[in-house]
Amino acid sequence: RKEVEQDPGPFNVPEGATVAFNCTYSNSASQSFFWYRQDCRKEPKLLMSVYSSGNEDGRFTAQLNRASQYISLLIRDSKLSDSATYLCVVIQMDTGRRALTFGSGTRLQVQP
Amino acid sequence: DVKVTQSSRYLVKRTGEKVFLECVQDMDHENMFWYRQDPGLGLRLIYFSYDVKMKEKGDIPEGYSVSREKKERFSLILESASTNQTSMYLCASSLERGGYEQFFGPGTRLTVL
């Protein structure tokens with residue numbers, strides 16, 4: 001089983017729609033959680049952190065459910081420019097070092 | 001703005017060749033990383049370095065080595081390229097050890113024939 005799992009998609013949604021992605025992680029000792037965004041043929045960039053209390057940044061909301069070991073990303077009022085792959089990132093202590101583990105990403109395509 | 005640059009955007013090599021991928025960052029970051037990204041597998045950590053002349057193995061170090069002679073430069077070396085090393089290679093740097101915000105270079109698409 002992969003340490004971090006995401007539905008690869010693609011999620012095809014119309015402009016203005018609300019869309020949500022989940023990401024599950026297998027290591028209960030995981031400490032910190034983030035979402036990165038990767039545009040087509042570009043490098044990944046940090047989108048936002050995920051806190052236990054939830055985190056909202058404009059149209060984007062990230063949430064963590066430790067009991068069920070998943071994080072989520074909700075995008076409201078989707079824009080064409082939101083089309084990208086969204087990578088879930090988990091940080092955990094691994095043999096004495098903090099290691100970032102990336103999910104394989106969920107592709108979002110927002111259509112006009 | 002942090003800038004991470006990689007020496008080549010596209011590279012084609014033959015099986016058995018020694019391949020050097022160069023990465024340079026201009027923000028005086030201590031920490032540098034090499035990943036490969038493959039469809040369905042996500043980013044996998046090959047090697048990382050927390051200081052000059054220091055290196056540590058990541059999750060998939062076999063067939064690779066690294067060199068960090070200067071703080072700003074981190075090189076990935078494929079000692080004898082094989083076809084299963086065809087991939088997108090991404091370099092990253094971060095300010096803090098284990099820091100969650102990593103700044104990535106544009107990537108090198110390596111094809112081994």
# chains A, B, ... in the order shown; residues from 1 in each chain; ligands from 1
call {"tool": "interface_residues", "arguments": {"of": "chain A", "to": "chain B", "cutoff": "8 Å", "atoms": "only C-alpha atoms", "output": "mmCIF file with C-alpha atoms, in the first residue's frame"}}
result
data_model
loop_
_atom_site.group_PDB
_atom_site.id
_atom_site.type_symbol
_atom_site.label_atom_id
_atom_site.label_comp_id
_atom_site.auth_asym_id
_atom_site.auth_seq_id
_atom_site.Cartn_x
_atom_site.Cartn_y
_atom_site.Cartn_z
ATOM 1 C CA PRO A 8 -5.531 10.435 -10.036
ATOM 2 C CA PHE A 34 0.333 20.240 2.749
ATOM 3 C CA LYS A 42 5.841 22.985 -14.694
ATOM 4 C CA GLU A 43 7.386 22.385 -11.302
ATOM 5 C CA PRO A 44 5.337 21.845 -8.108
ATOM 6 C CA LYS A 45 4.670 24.859 -5.890
ATOM 7 C CA LEU A 46 3.336 25.048 -2.351
ATOM 8 C CA ILE A 91 5.760 14.953 6.553
ATOM 9 C CA ARG A 97 14.866 12.530 9.802
ATOM 10 C CA ARG A 98 11.848 14.474 8.661
ATOM 11 C CA ALA A 99 10.806 13.192 5.273
ATOM 12 C CA LEU A 100 8.361 14.655 2.796
ATOM 13 C CA THR A 101 6.263 12.076 0.997
ATOM 14 C CA PHE A 102 4.382 13.217 -2.090
ATOM 15 C CA GLY A 103 1.198 11.677 -3.419
ATOM 16 C CA SER A 104 1.035 11.022 -7.148
ATOM 17 C CA GLY A 105 -1.446 13.855 -7.622
#
call {"tool": "select_by_dssp", "arguments": {"residues": "chain B", "states": "strand (DSSP E)", "output": "number ranges by chain"}}
result
B: 4-6, 10-13, 19-25, 31-38, 42-49, 56-57, 64-70, 73-78, 87-94, 103-104, 108-112
call {"tool": "residues_around", "arguments": {"residues": "segment 19-28 of chain B", "least_positions_apart": "3", "cutoff": "7 Å", "atoms": "only C-alpha atoms", "output": "list of chain:residue names"}}
result
B:Val2, B:Lys3, B:Val4, B:Thr5, B:Gln6, B:Ser7, B:Glu72, B:Arg73, B:Phe74, B:Ser75, B:Leu76, B:Ile77, B:Leu78, B:Glu79, B:Ala81, B:Cys91
call {"tool": "write_last_selection", "arguments": {"atoms": "N, CA, C and O atoms", "output": "PDB file, in the first residue's frame"}}
result
ATOM      1  N   VAL B   2      12.928  32.997  -4.916  1.00  0.00           N
ATOM      2  CA  VAL B   2      13.892  31.900  -4.990  1.00  0.00           C
ATOM      3  C   VAL B   2      13.972  31.408  -6.420  1.00  0.00           C
ATOM      4  O   VAL B   2      12.965  31.279  -7.093  1.00  0.00           O
ATOM      5  N   LYS B   3      15.189  31.195  -6.844  1.00  0.00           N
ATOM      6  CA  LYS B   3      15.316  30.635  -8.187  1.00  0.00           C
ATOM      7  C   LYS B   3      16.168  29.375  -8.116  1.00  0.00           C
ATOM      8  O   LYS B   3      17.289  29.378  -7.584  1.00  0.00           O
ATOM      9  N   VAL B   4      15.608  28.298  -8.649  1.00  0.00           N
ATOM     10  CA  VAL B   4      16.336  27.043  -8.762  1.00  0.00           C
ATOM     11  C   VAL B   4      16.436  26.737 -10.249  1.00  0.00           C
ATOM     12  O   VAL B   4      15.413  26.670 -10.937  1.00  0.00           O
ATOM     13  N   THR B   5      17.646  26.579 -10.724  1.00  0.00           N
ATOM     14  CA  THR B   5      17.823  26.303 -12.147  1.00  0.00           C
ATOM     15  C   THR B   5      18.452  24.935 -12.332  1.00  0.00           C
ATOM     16  O   THR B   5      19.222  24.464 -11.490  1.00  0.00           O
ATOM     17  N   GLN B   6      18.110  24.303 -13.443  1.00  0.00           N
ATOM     18  CA  GLN B   6      18.679  23.011 -13.790  1.00  0.00           C
ATOM     19  C   GLN B   6      19.323  23.131 -15.153  1.00  0.00           C
ATOM     20  O   GLN B   6      18.846  23.874 -16.016  1.00  0.00           O
ATOM     21  N   SER B   7      20.406  22.379 -15.338  1.00  0.00           N
ATOM     22  CA  SER B   7      21.283  22.616 -16.483  1.00  0.00           C
ATOM     23  C   SER B   7      20.612  22.351 -17.820  1.00  0.00           C
ATOM     24  O   SER B   7      20.898  23.026 -18.802  1.00  0.00           O
ATOM     25  N   GLU B  72      25.551  26.259  -3.208  1.00  0.00           N
ATOM     26  CA  GLU B  72      24.491  26.559  -4.151  1.00  0.00           C
ATOM     27  C   GLU B  72      24.284  25.486  -5.220  1.00  0.00           C
ATOM     28  O   GLU B  72      23.340  25.569  -5.986  1.00  0.00           O
ATOM     29  N   ARG B  73      25.163  24.506  -5.269  1.00  0.00           N
ATOM     30  CA  ARG B  73      25.137  23.562  -6.388  1.00  0.00           C
ATOM     31  C   ARG B  73      25.024  22.122  -5.891  1.00  0.00           C
ATOM     32  O   ARG B  73      25.779  21.699  -5.014  1.00  0.00           O
ATOM     33  N   PHE B  74      24.101  21.381  -6.490  1.00  0.00           N
ATOM     34  CA  PHE B  74      23.879  19.983  -6.102  1.00  0.00           C
ATOM     35  C   PHE B  74      23.733  19.186  -7.386  1.00  0.00           C
ATOM     36  O   PHE B  74      22.826  19.436  -8.180  1.00  0.00           O
ATOM     37  N   SER B  75      24.629  18.259  -7.599  1.00  0.00           N
ATOM     38  CA  SER B  75      24.656  17.505  -8.849  1.00  0.00           C
ATOM     39  C   SER B  75      24.180  16.074  -8.637  1.00  0.00           C
ATOM     40  O   SER B  75      24.530  15.439  -7.640  1.00  0.00           O
ATOM     41  N   LEU B  76      23.432  15.585  -9.585  1.00  0.00           N
ATOM     42  CA  LEU B  76      22.989  14.191  -9.589  1.00  0.00           C
ATOM     43  C   LEU B  76      23.741  13.473 -10.692  1.00  0.00           C
ATOM     44  O   LEU B  76      23.822  13.975 -11.822  1.00  0.00           O
ATOM     45  N   ILE B  77      24.273  12.306 -10.365  1.00  0.00           N
ATOM     46  CA  ILE B  77      25.087  11.550 -11.312  1.00  0.00           C
ATOM     47  C   ILE B  77      24.479  10.169 -11.524  1.00  0.00           C
ATOM     48  O   ILE B  77      24.185   9.466 -10.539  1.00  0.00           O
ATOM     49  N   LEU B  78      24.275   9.840 -12.770  1.00  0.00           N
ATOM     50  CA  LEU B  78      23.874   8.482 -13.120  1.00  0.00           C
ATOM     51  C   LEU B  78      25.143   7.789 -13.611  1.00  0.00           C
ATOM     52  O   LEU B  78      25.678   8.123 -14.666  1.00  0.00           O
ATOM     53  N   GLU B  79      25.655   6.868 -12.821  1.00  0.00           N
ATOM     54  CA  GLU B  79      26.964   6.282 -13.099  1.00  0.00           C
ATOM     55  C   GLU B  79      26.979   5.526 -14.429  1.00  0.00           C
ATOM     56  O   GLU B  79      27.932   5.611 -15.184  1.00  0.00           O
ATOM     57  N   ALA B  81      23.893   4.943 -17.138  1.00  0.00           N
ATOM     58  CA  ALA B  81      22.466   5.140 -17.386  1.00  0.00           C
ATOM     59  C   ALA B  81      21.806   3.866 -17.922  1.00  0.00           C
ATOM     60  O   ALA B  81      22.383   3.139 -18.754  1.00  0.00           O
ATOM     61  N   CYS B  91      14.942  19.029  -9.130  1.00  0.00           N
ATOM     62  CA  CYS B  91      15.786  19.464  -8.024  1.00  0.00           C
ATOM     63  C   CYS B  91      14.973  20.434  -7.173  1.00  0.00           C
ATOM     64  O   CYS B  91      14.134  21.174  -7.699  1.00  0.00           O
TER      65      CYS B  91
END
call {"tool": "closest_residue", "arguments": {"among": "A:Val19, A:Ser30, A:Thr24, A:Tyr51", "to": "Gln6 of chain A", "atoms": "only C-alpha atoms"}}
result
A:Thr24
